[in-house]
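Okay, query_21.pdb now, which holds PDB, C-alpha atoms, pLDDT in the B column:
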```pdb
ATOM      1  CA  MET A 158       0.000   0.000   0.000  1.00 67.00           C
ATOM      2  CA  PRO A 159       1.310   3.454  -0.812  1.00 78.00           C
ATOM      3  CA  TYR A 160       2.685   5.244   2.215  1.00 86.00           C
ATOM      4  CA  ALA A 161       1.018   8.494   1.115  1.00 92.00           C
ATOM      5  CA  PHE A 162      -2.464   6.950   1.292  1.00 95.00           C
ATOM      6  CA  LYS A 163      -1.783   5.442   4.719  1.00 94.00           C
ATOM      7  CA  ARG A 164      -0.602   8.828   5.960  1.00 96.00           C
ATOM      8  CA  PHE A 165      -3.659  10.525   4.420  1.00 97.00           C
ATOM      9  CA  ALA A 166      -5.983   7.972   6.076  1.00 97.00           C
ATOM     10  CA  ASP A 167      -4.240   8.447   9.437  1.00 97.00           C
ATOM     11  CA  ILE A 168      -4.423  12.247   9.267  1.00 97.00           C
ATOM     12  CA  SER A 169      -8.073  12.217   8.221  1.00 97.00           C
ATOM     13  CA  LEU A 170      -8.833   9.774  11.057  1.00 97.00           C
ATOM     14  CA  LYS A 171      -7.307  12.213  13.559  1.00 98.00           C
ATOM     15  CA  LEU A 172      -9.310  15.073  12.047  1.00 98.00           C
ATOM     16  CA  TYR A 173     -12.547  13.100  12.359  1.00 98.00           C
ATOM     17  CA  GLY A 174     -11.602  12.212  15.918  1.00 97.00           C
ATOM     18  CA  TYR A 175     -11.058  15.863  16.843  1.00 98.00           C
ATOM     19  CA  LEU A 176     -14.312  16.921  15.179  1.00 98.00           C
ATOM     20  CA  GLY A 177     -16.124  14.143  17.030  1.00 97.00           C
ATOM     21  CA  LEU A 178     -14.620  15.298  20.331  1.00 98.00           C
ATOM     22  CA  ILE A 179     -15.744  18.863  19.677  1.00 98.00           C
ATOM     23  CA  ALA A 180     -19.254  17.608  18.954  1.00 98.00           C
ATOM     24  CA  LEU A 181     -19.173  15.453  22.110  1.00 98.00           C
ATOM     25  CA  ALA A 182     -18.166  18.514  24.129  1.00 98.00           C
ATOM     26  CA  GLY A 183     -21.116  20.337  22.549  1.00 98.00           C
ATOM     27  CA  VAL A 184     -23.475  17.553  23.629  1.00 98.00           C
ATOM     28  CA  VAL A 185     -22.145  17.550  27.186  1.00 98.00           C
ATOM     29  CA  ILE A 186     -22.155  21.342  27.581  1.00 97.00           C
ATOM     30  CA  THR A 187     -25.616  21.912  26.099  1.00 96.00           C
ATOM     31  CA  THR A 188     -27.127  19.020  28.048  1.00 95.00           C
ATOM     32  CA  PHE A 189     -25.519  20.322  31.242  1.00 95.00           C
ATOM     33  CA  LEU A 190     -26.938  23.796  30.569  1.00 93.00           C
ATOM     34  CA  GLN A 191     -30.352  22.293  29.949  1.00 92.00           C
ATOM     35  CA  VAL A 192     -30.318  20.432  33.271  1.00 90.00           C
ATOM     36  CA  VAL A 193     -28.975  23.412  35.239  1.00 90.00           C
ATOM     37  CA  THR A 194     -31.564  25.818  33.846  1.00 88.00           C
ATOM     38  CA  ARG A 195     -34.361  23.520  34.997  1.00 84.00           C
ATOM     39  CA  PHE A 196     -33.383  24.307  38.580  1.00 84.00           C
ATOM     40  CA  PHE A 197     -33.434  28.050  37.928  1.00 81.00           C
ATOM     41  CA  PRO A 198     -36.760  28.950  36.319  1.00 77.00           C
ATOM     42  CA  ILE A 199     -35.645  32.566  35.945  1.00 80.00           C
ATOM     43  CA  VAL A 200     -33.230  31.564  33.148  1.00 79.00           C
ATOM     44  CA  THR A 201     -34.747  29.607  30.283  1.00 81.00           C
ATOM     45  CA  LEU A 202     -32.627  28.419  27.411  1.00 87.00           C
ATOM     46  CA  THR A 203     -34.921  27.146  24.691  1.00 86.00           C
ATOM     47  CA  TRP A 204     -32.143  26.226  22.279  1.00 93.00           C
ATOM     48  CA  THR A 205     -30.189  23.697  24.380  1.00 93.00           C
ATOM     49  CA  GLU A 206     -32.224  20.608  23.477  1.00 93.00           C
ATOM     50  CA  GLU A 207     -31.942  21.329  19.762  1.00 95.00           C
ATOM     51  CA  ALA A 208     -28.236  22.138  19.993  1.00 96.00           C
ATOM     52  CA  ALA A 209     -27.557  18.920  21.917  1.00 97.00           C
ATOM     53  CA  ARG A 210     -29.435  16.913  19.274  1.00 97.00           C
ATOM     54  CA  TYR A 211     -27.514  18.487  16.396  1.00 98.00           C
ATOM     55  CA  CYS A 212     -24.178  18.053  18.177  1.00 98.00           C
ATOM     56  CA  PHE A 213     -25.087  14.401  18.743  1.00 98.00           C
ATOM     57  CA  ILE A 214     -25.783  13.959  15.023  1.00 98.00           C
ATOM     58  CA  TRP A 215     -22.403  15.472  14.152  1.00 98.00           C
ATOM     59  CA  MET A 216     -20.697  13.371  16.828  1.00 98.00           C
ATOM     60  CA  SER A 217     -22.217  10.193  15.407  1.00 97.00           C
ATOM     61  CA  MET A 218     -21.249  11.000  11.831  1.00 97.00           C
ATOM     62  CA  MET A 219     -17.703  11.984  12.804  1.00 97.00           C
ATOM     63  CA  GLY A 220     -17.380   8.759  14.798  1.00 96.00           C
ATOM     64  CA  ALA A 221     -18.506   6.572  11.887  1.00 96.00           C
ATOM     65  CA  PRO A 222     -15.119   6.752  10.091  1.00 97.00           C
ATOM     66  CA  LEU A 223     -13.387   5.807  13.352  1.00 96.00           C
ATOM     67  CA  ALA A 224     -15.660   2.782  13.674  1.00 95.00           C
ATOM     68  CA  ALA A 225     -14.989   1.903  10.034  1.00 95.00           C
ATOM     69  CA  ARG A 226     -11.208   2.111  10.481  1.00 95.00           C
ATOM     70  CA  HIS A 227     -11.231  -0.124  13.543  1.00 94.00           C
ATOM     71  CA  CYS A 228     -13.800  -2.509  12.011  1.00 88.00           C
ATOM     72  CA  SER A 229     -16.225  -1.703  14.826  1.00 87.00           C
ATOM     73  CA  ASN A 230     -19.248  -1.324  12.581  1.00 78.00           C
ATOM     74  CA  ALA A 231     -22.407  -3.113  13.594  1.00 72.00           C
ATOM     75  CA  ALA A 232     -22.083  -6.571  12.075  1.00 71.00           C
ATOM     76  CA  VAL A 233     -23.561 -10.020  12.086  1.00 67.00           C
ATOM     77  CA  ASP A 234     -20.574 -12.244  12.700  1.00 73.00           C
ATOM     78  CA  LEU A 235     -22.315 -15.552  12.103  1.00 73.00           C
ATOM     79  CA  LEU A 236     -20.513 -16.149   8.816  1.00 75.00           C
ATOM     80  CA  ASP A 237     -17.229 -14.951  10.263  1.00 75.00           C
ATOM     81  CA  THR A 238     -17.381 -17.583  12.998  1.00 78.00           C
ATOM     82  CA  LEU A 239     -18.278 -20.333  10.514  1.00 82.00           C
ATOM     83  CA  ILE A 240     -15.295 -19.648   8.239  1.00 84.00           C
ATOM     84  CA  ASP A 241     -12.225 -21.622   9.318  1.00 83.00           C
ATOM     85  CA  SER A 242      -9.742 -20.918   6.551  1.00 85.00           C
ATOM     86  CA  PRO A 243      -7.575 -17.797   6.988  1.00 83.00           C
ATOM     87  CA  GLY A 244      -7.659 -17.177   3.235  1.00 86.00           C
ATOM     88  CA  MET A 245     -11.454 -17.310   3.199  1.00 89.00           C
ATOM     89  CA  LYS A 246     -11.592 -14.956   6.209  1.00 87.00           C
ATOM     90  CA  GLU A 247      -9.555 -12.412   4.245  1.00 90.00           C
ATOM     91  CA  ILE A 248     -11.878 -12.744   1.232  1.00 90.00           C
ATOM     92  CA  TYR A 249     -14.893 -12.407   3.537  1.00 89.00           C
ATOM     93  CA  PHE A 250     -13.343  -9.275   5.100  1.00 90.00           C
ATOM     94  CA  VAL A 251     -12.789  -7.667   1.701  1.00 92.00           C
ATOM     95  CA  VAL A 252     -16.315  -8.552   0.524  1.00 92.00           C
ATOM     96  CA  VAL A 253     -17.937  -7.122   3.672  1.00 90.00           C
ATOM     97  CA  HIS A 254     -15.970  -3.887   3.410  1.00 93.00           C
ATOM     98  CA  ALA A 255     -16.667  -3.634  -0.311  1.00 95.00           C
ATOM     99  CA  LEU A 256     -20.388  -3.927   0.489  1.00 94.00           C
ATOM    100  CA  ILE A 257     -20.017  -1.159   3.064  1.00 94.00           C
ATOM    101  CA  LEU A 258     -18.347   1.005   0.415  1.00 96.00           C
ATOM    102  CA  ILE A 259     -21.180   0.300  -2.035  1.00 97.00           C
ATOM    103  CA  ALA A 260     -23.752   1.307   0.592  1.00 96.00           C
ATOM    104  CA  VAL A 261     -21.870   4.517   1.355  1.00 97.00           C
ATOM    105  CA  PHE A 262     -21.553   5.344  -2.346  1.00 97.00           C
ATOM    106  CA  LEU A 263     -25.330   4.929  -2.619  1.00 97.00           C
ATOM    107  CA  ILE A 264     -25.966   7.196   0.380  1.00 97.00           C
ATOM    108  CA  LEU A 265     -23.479   9.921  -0.589  1.00 97.00           C
ATOM    109  CA  PRO A 266     -25.288  11.470  -3.604  1.00 97.00           C
ATOM    110  CA  LYS A 267     -28.632  11.494  -1.763  1.00 97.00           C
ATOM    111  CA  SER A 268     -27.032  13.157   1.245  1.00 97.00           C
ATOM    112  CA  ILE A 269     -25.496  15.851  -0.962  1.00 97.00           C
ATOM    113  CA  TYR A 270     -28.940  16.406  -2.484  1.00 97.00           C
ATOM    114  CA  MET A 271     -30.412  16.765   1.039  1.00 96.00           C
ATOM    115  CA  VAL A 272     -27.771  19.365   1.948  1.00 96.00           C
ATOM    116  CA  GLN A 273     -28.662  21.363  -1.155  1.00 96.00           C
ATOM    117  CA  THR A 274     -32.394  21.008  -0.514  1.00 94.00           C
ATOM    118  CA  MET A 275     -32.242  22.081   3.127  1.00 94.00           C
ATOM    119  CA  THR A 276     -30.392  25.359   2.565  1.00 91.00           C
ATOM    120  CA  MET A 277     -33.670  27.287   2.629  1.00 91.00           C
ATOM    121  CA  ARG A 278     -34.942  25.721   5.841  1.00 95.00           C
ATOM    122  CA  ASN A 279     -33.843  26.929   9.271  1.00 95.00           C
ATOM    123  CA  SER A 280     -33.962  25.113  12.582  1.00 94.00           C
ATOM    124  CA  SER A 281     -36.714  26.284  14.901  1.00 92.00           C
ATOM    125  CA  ALA A 282     -34.761  27.221  18.042  1.00 91.00           C
ATOM    126  CA  LEU A 283     -31.277  28.029  16.767  1.00 93.00           C
ATOM    127  CA  GLY A 284     -32.316  29.527  13.446  1.00 92.00           C
ATOM    128  CA  ILE A 285     -29.379  27.979  11.600  1.00 95.00           C
ATOM    129  CA  PRO A 286     -29.803  26.494   8.119  1.00 95.00           C
ATOM    130  CA  MET A 287     -30.654  22.804   8.321  1.00 96.00           C
ATOM    131  CA  SER A 288     -28.099  22.165   5.596  1.00 97.00           C
ATOM    132  CA  TYR A 289     -25.404  22.612   8.291  1.00 96.00           C
ATOM    133  CA  ILE A 290     -26.856  19.634  10.136  1.00 97.00           C
ATOM    134  CA  TYR A 291     -27.323  17.503   7.014  1.00 97.00           C
ATOM    135  CA  LEU A 292     -23.751  18.314   5.949  1.00 97.00           C
ATOM    136  CA  SER A 293     -22.546  15.856   8.576  1.00 98.00           C
ATOM    137  CA  ILE A 294     -23.807  12.945   6.454  1.00 98.00           C
ATOM    138  CA  PRO A 295     -21.695  13.467   3.316  1.00 98.00           C
ATOM    139  CA  ILE A 296     -18.676  14.442   5.431  1.00 98.00           C
ATOM    140  CA  GLY A 297     -19.063  11.246   7.451  1.00 98.00           C
ATOM    141  CA  CYS A 298     -19.545   9.211   4.259  1.00 98.00           C
ATOM    142  CA  ILE A 299     -16.303  10.569   2.818  1.00 98.00           C
ATOM    143  CA  GLY A 300     -14.504   9.545   5.994  1.00 98.00           C
ATOM    144  CA  ILE A 301     -15.983   6.043   5.812  1.00 97.00           C
ATOM    145  CA  ILE A 302     -14.871   5.762   2.180  1.00 98.00           C
ATOM    146  CA  ILE A 303     -11.308   6.755   3.097  1.00 97.00           C
ATOM    147  CA  GLN A 304     -11.070   4.399   6.057  1.00 97.00           C
ATOM    148  CA  ASP A 305     -12.770   1.410   4.432  1.00 96.00           C
ATOM    149  CA  THR A 306     -10.583   1.802   1.354  1.00 96.00           C
ATOM    150  CA  TYR A 307      -7.579   1.810   3.671  1.00 96.00           C
ATOM    151  CA  ASN A 308      -8.841  -1.353   5.400  1.00 95.00           C
ATOM    152  CA  ILE A 309      -9.299  -3.172   2.094  1.00 95.00           C
ATOM    153  CA  LEU A 310      -5.895  -2.102   0.766  1.00 94.00           C
ATOM    154  CA  ALA A 311      -4.184  -3.028   4.032  1.00 93.00           C
ATOM    155  CA  LYS A 312      -5.823  -6.468   4.012  1.00 92.00           C
ATOM    156  CA  VAL A 313      -4.924  -7.104   0.382  1.00 91.00           C
ATOM    157  CA  ALA A 314      -1.342  -5.909   0.984  1.00 89.00           C
ATOM    158  CA  LYS A 315      -1.318  -8.035   4.196  1.00 82.00           C
ATOM    159  CA  GLU A 316      -0.234  -5.185   6.447  1.00 64.00           C
TER     160      GLU A 316
END
```
Hey, can you dump this file as structure tokens for me?
Amino acid sequence: MPYAFKRFADISLKLYGYLGLIALAGVVITTFLQVVTRFFPIVTLTWTEEAARYCFIWMSMMGAPLAARHCSNAAVDLLDTLIDSPGMKEIYFVVVHALILIAVFLILPKSIYMVQTMTMRNSSALGIPMSYIYLSIPIGCIGIIIQDTYNILAKVAKE
């Protein structure tokens, strides 16, 4: 496998990790604010629930490439446990990750269309364009493509 692609996959994985951490911090902070303001009825923050939800969406989509890289995707491992041959396990691995790539390539154009469609719609409490929220899907898909491609190449190159 080319060293440049491995380096690119590693750097993008770190970037997705940092973005996911920022989104996680957003979830924690906004949820904390929401709980605290319930004890003080004088201060009401109507936007915290919506902000926490949107941060959670971004956190999930930024974590998807990390799950893809570490092969932590949700999976049914029935076939994996039935396969005894190491060569067949490698073929099974490549097929499963190729199917994941196909699914992501099917989702990606629709998600880009949703981003374009939602530019005119704003969220109710925050007033931000909904396309900012939907943008997490194609960005996450690109990360999954990078990491799953890395996994397939690393398996084929036996690294």
Name the residues captured by the PyMOL selection byres ((chain A and resi 164-167) around 10) when it is applied to the shown file; answer as a PDB file with C-alpha atoms, keeping the file's coordinate frame.
```
ATOM      1  CA  PRO A 159       1.310   3.454  -0.812  1.00 78.00           C
ATOM      2  CA  TYR A 160       2.685   5.244   2.215  1.00 86.00           C
ATOM      3  CA  ALA A 161       1.018   8.494   1.115  1.00 92.00           C
ATOM      4  CA  PHE A 162      -2.464   6.950   1.292  1.00 95.00           C
ATOM      5  CA  LYS A 163      -1.783   5.442   4.719  1.00 94.00           C
ATOM      6  CA  ILE A 168      -4.423  12.247   9.267  1.00 97.00           C
ATOM      7  CA  SER A 169      -8.073  12.217   8.221  1.00 97.00           C
ATOM      8  CA  LEU A 170      -8.833   9.774  11.057  1.00 97.00           C
ATOM      9  CA  LYS A 171      -7.307  12.213  13.559  1.00 98.00           C
ATOM     10  CA  LEU A 172      -9.310  15.073  12.047  1.00 98.00           C
ATOM     11  CA  TYR A 173     -12.547  13.100  12.359  1.00 98.00           C
ATOM     12  CA  ARG A 226     -11.208   2.111  10.481  1.00 95.00           C
ATOM     13  CA  GLY A 300     -14.504   9.545   5.994  1.00 98.00           C
ATOM     14  CA  ILE A 302     -14.871   5.762   2.180  1.00 98.00           C
ATOM     15  CA  ILE A 303     -11.308   6.755   3.097  1.00 97.00           C
ATOM     16  CA  GLN A 304     -11.070   4.399   6.057  1.00 97.00           C
ATOM     17  CA  ASP A 305     -12.770   1.410   4.432  1.00 96.00           C
ATOM     18  CA  THR A 306     -10.583   1.802   1.354  1.00 96.00           C
ATOM     19  CA  TYR A 307      -7.579   1.810   3.671  1.00 96.00           C
ATOM     20  CA  ASN A 308      -8.841  -1.353   5.400  1.00 95.00           C
TER      21      ASN A 308
END
```
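Residues selected in this file by the PyMOL selection byres ((chain A and resi 268-275) around 12) comprise A:Val261, A:Phe262, A:Leu263, A:Ile264, A:Leu265, A:Pro266, A:Lys267, A:Thr276, A:Met277, A:Arg278, A:Asn279, A:Ser280, A:Ile285, A:Pro286, A:Met287, A:Ser288, A:Tyr289, A:Ile290, A:Tyr291, A:Leu292, A:Ser293, A:Ile294, A:Pro295, A:Ile296, A:Gly297, A:Cys298, A:Ile299.
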| Closest of A:Ile240, A:Ala314, A:Leu181, A:Ile259 to Tyr211 (chain A) - atom-to-atom distances counting all atoms listed in the file | A:Leu181
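With CA of Glu247 (chain A) on one side and CA of Ala260 (chain A) on the other, the separation reads 20.1 Å.
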| Using only C-alpha atoms, which residues sit within 7 Å of region 184-186 of chain A once same-chain residues fewer than 5 positions away are excluded, as an MDAnalysis selection string? | chainID A and resid 209 212:213
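CA of Val313 (chain A) sits 15.7 Å away from CA of Leu258 (chain A).
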Got a sec to write region 258-280 of chain A of the block to a file, N, CA, C and O atoms, as a PDB file, in the first residue's frame?
```
ATOM      1  N   LEU A 258     -18.674  -0.071   1.352  1.00  0.00           N
ATOM      2  CA  LEU A 258     -18.347   1.005   0.415  1.00  0.00           C
ATOM      3  C   LEU A 258     -19.476   1.231  -0.588  1.00  0.00           C
ATOM      4  O   LEU A 258     -19.816   2.375  -0.895  1.00  0.00           O
ATOM      5  N   ILE A 259     -20.060   0.159  -1.088  1.00  0.00           N
ATOM      6  CA  ILE A 259     -21.180   0.300  -2.035  1.00  0.00           C
ATOM      7  C   ILE A 259     -22.341   1.025  -1.369  1.00  0.00           C
ATOM      8  O   ILE A 259     -22.935   1.942  -1.953  1.00  0.00           O
ATOM      9  N   ALA A 260     -22.656   0.653  -0.130  1.00  0.00           N
ATOM     10  CA  ALA A 260     -23.752   1.307   0.592  1.00  0.00           C
ATOM     11  C   ALA A 260     -23.458   2.794   0.787  1.00  0.00           C
ATOM     12  O   ALA A 260     -24.337   3.644   0.587  1.00  0.00           O
ATOM     13  N   VAL A 261     -22.235   3.112   1.141  1.00  0.00           N
ATOM     14  CA  VAL A 261     -21.870   4.517   1.355  1.00  0.00           C
ATOM     15  C   VAL A 261     -21.929   5.296   0.044  1.00  0.00           C
ATOM     16  O   VAL A 261     -22.399   6.436   0.007  1.00  0.00           O
ATOM     17  N   PHE A 262     -21.480   4.669  -1.048  1.00  0.00           N
ATOM     18  CA  PHE A 262     -21.553   5.344  -2.346  1.00  0.00           C
ATOM     19  C   PHE A 262     -22.998   5.550  -2.798  1.00  0.00           C
ATOM     20  O   PHE A 262     -23.284   6.459  -3.573  1.00  0.00           O
ATOM     21  N   LEU A 263     -23.914   4.724  -2.321  1.00  0.00           N
ATOM     22  CA  LEU A 263     -25.330   4.929  -2.619  1.00  0.00           C
ATOM     23  C   LEU A 263     -25.925   6.051  -1.772  1.00  0.00           C
ATOM     24  O   LEU A 263     -26.788   6.807  -2.224  1.00  0.00           O
ATOM     25  N   ILE A 264     -25.461   6.167  -0.538  1.00  0.00           N
ATOM     26  CA  ILE A 264     -25.966   7.196   0.380  1.00  0.00           C
ATOM     27  C   ILE A 264     -25.418   8.575   0.037  1.00  0.00           C
ATOM     28  O   ILE A 264     -26.124   9.580   0.142  1.00  0.00           O
ATOM     29  N   LEU A 265     -24.166   8.640  -0.391  1.00  0.00           N
ATOM     30  CA  LEU A 265     -23.479   9.921  -0.589  1.00  0.00           C
ATOM     31  C   LEU A 265     -24.202  10.890  -1.524  1.00  0.00           C
ATOM     32  O   LEU A 265     -24.430  12.042  -1.135  1.00  0.00           O
ATOM     33  N   PRO A 266     -24.621  10.484  -2.737  1.00  0.00           N
ATOM     34  CA  PRO A 266     -25.288  11.470  -3.604  1.00  0.00           C
ATOM     35  C   PRO A 266     -26.615  11.968  -3.032  1.00  0.00           C
ATOM     36  O   PRO A 266     -26.953  13.149  -3.167  1.00  0.00           O
ATOM     37  N   LYS A 267     -27.356  11.083  -2.376  1.00  0.00           N
ATOM     38  CA  LYS A 267     -28.632  11.494  -1.763  1.00  0.00           C
ATOM     39  C   LYS A 267     -28.387  12.468  -0.614  1.00  0.00           C
ATOM     40  O   LYS A 267     -29.167  13.397  -0.407  1.00  0.00           O
ATOM     41  N   SER A 268     -27.323  12.249   0.132  1.00  0.00           N
ATOM     42  CA  SER A 268     -27.032  13.157   1.245  1.00  0.00           C
ATOM     43  C   SER A 268     -26.607  14.531   0.734  1.00  0.00           C
ATOM     44  O   SER A 268     -26.953  15.551   1.329  1.00  0.00           O
ATOM     45  N   ILE A 269     -25.870  14.562  -0.366  1.00  0.00           N
ATOM     46  CA  ILE A 269     -25.496  15.851  -0.962  1.00  0.00           C
ATOM     47  C   ILE A 269     -26.746  16.575  -1.452  1.00  0.00           C
ATOM     48  O   ILE A 269     -26.893  17.791  -1.276  1.00  0.00           O
ATOM     49  N   TYR A 270     -27.665  15.822  -2.034  1.00  0.00           N
ATOM     50  CA  TYR A 270     -28.940  16.406  -2.484  1.00  0.00           C
ATOM     51  C   TYR A 270     -29.709  16.980  -1.284  1.00  0.00           C
ATOM     52  O   TYR A 270     -30.277  18.069  -1.369  1.00  0.00           O
ATOM     53  N   MET A 271     -29.715  16.269  -0.158  1.00  0.00           N
ATOM     54  CA  MET A 271     -30.412  16.765   1.039  1.00  0.00           C
ATOM     55  C   MET A 271     -29.774  18.049   1.554  1.00  0.00           C
ATOM     56  O   MET A 271     -30.477  18.957   1.986  1.00  0.00           O
ATOM     57  N   VAL A 272     -28.452  18.136   1.510  1.00  0.00           N
ATOM     58  CA  VAL A 272     -27.771  19.365   1.948  1.00  0.00           C
ATOM     59  C   VAL A 272     -28.213  20.528   1.075  1.00  0.00           C
ATOM     60  O   VAL A 272     -28.533  21.609   1.575  1.00  0.00           O
ATOM     61  N   GLN A 273     -28.250  20.301  -0.231  1.00  0.00           N
ATOM     62  CA  GLN A 273     -28.662  21.363  -1.155  1.00  0.00           C
ATOM     63  C   GLN A 273     -30.126  21.737  -0.951  1.00  0.00           C
ATOM     64  O   GLN A 273     -30.485  22.914  -1.014  1.00  0.00           O
ATOM     65  N   THR A 274     -30.961  20.765  -0.683  1.00  0.00           N
ATOM     66  CA  THR A 274     -32.394  21.008  -0.514  1.00  0.00           C
ATOM     67  C   THR A 274     -32.689  21.781   0.774  1.00  0.00           C
ATOM     68  O   THR A 274     -33.578  22.617   0.801  1.00  0.00           O
ATOM     69  N   MET A 275     -31.943  21.503   1.815  1.00  0.00           N
ATOM     70  CA  MET A 275     -32.242  22.081   3.127  1.00  0.00           C
ATOM     71  C   MET A 275     -31.604  23.445   3.374  1.00  0.00           C
ATOM     72  O   MET A 275     -31.683  23.962   4.485  1.00  0.00           O
ATOM     73  N   THR A 276     -31.012  24.046   2.351  1.00  0.00           N
ATOM     74  CA  THR A 276     -30.392  25.359   2.565  1.00  0.00           C
ATOM     75  C   THR A 276     -31.419  26.429   2.884  1.00  0.00           C
ATOM     76  O   THR A 276     -31.108  27.406   3.561  1.00  0.00           O
ATOM     77  N   MET A 277     -32.630  26.270   2.416  1.00  0.00           N
ATOM     78  CA  MET A 277     -33.670  27.287   2.629  1.00  0.00           C
ATOM     79  C   MET A 277     -34.417  27.109   3.950  1.00  0.00           C
ATOM     80  O   MET A 277     -35.176  27.977   4.337  1.00  0.00           O
ATOM     81  N   ARG A 278     -34.210  26.006   4.617  1.00  0.00           N
ATOM     82  CA  ARG A 278     -34.942  25.721   5.841  1.00  0.00           C
ATOM     83  C   ARG A 278     -34.057  25.964   7.057  1.00  0.00           C
ATOM     84  O   ARG A 278     -32.916  25.522   7.086  1.00  0.00           O
ATOM     85  N   ASN A 279     -34.590  26.652   8.046  1.00  0.00           N
ATOM     86  CA  ASN A 279     -33.843  26.929   9.271  1.00  0.00           C
ATOM     87  C   ASN A 279     -34.394  26.111  10.424  1.00  0.00           C
ATOM     88  O   ASN A 279     -35.575  25.782  10.464  1.00  0.00           O
ATOM     89  N   SER A 280     -33.512  25.828  11.388  1.00  0.00           N
ATOM     90  CA  SER A 280     -33.962  25.113  12.582  1.00  0.00           C
ATOM     91  C   SER A 280     -34.835  26.045  13.421  1.00  0.00           C
ATOM     92  O   SER A 280     -34.688  27.262  13.376  1.00  0.00           O
TER      93      SER A 280
END
```
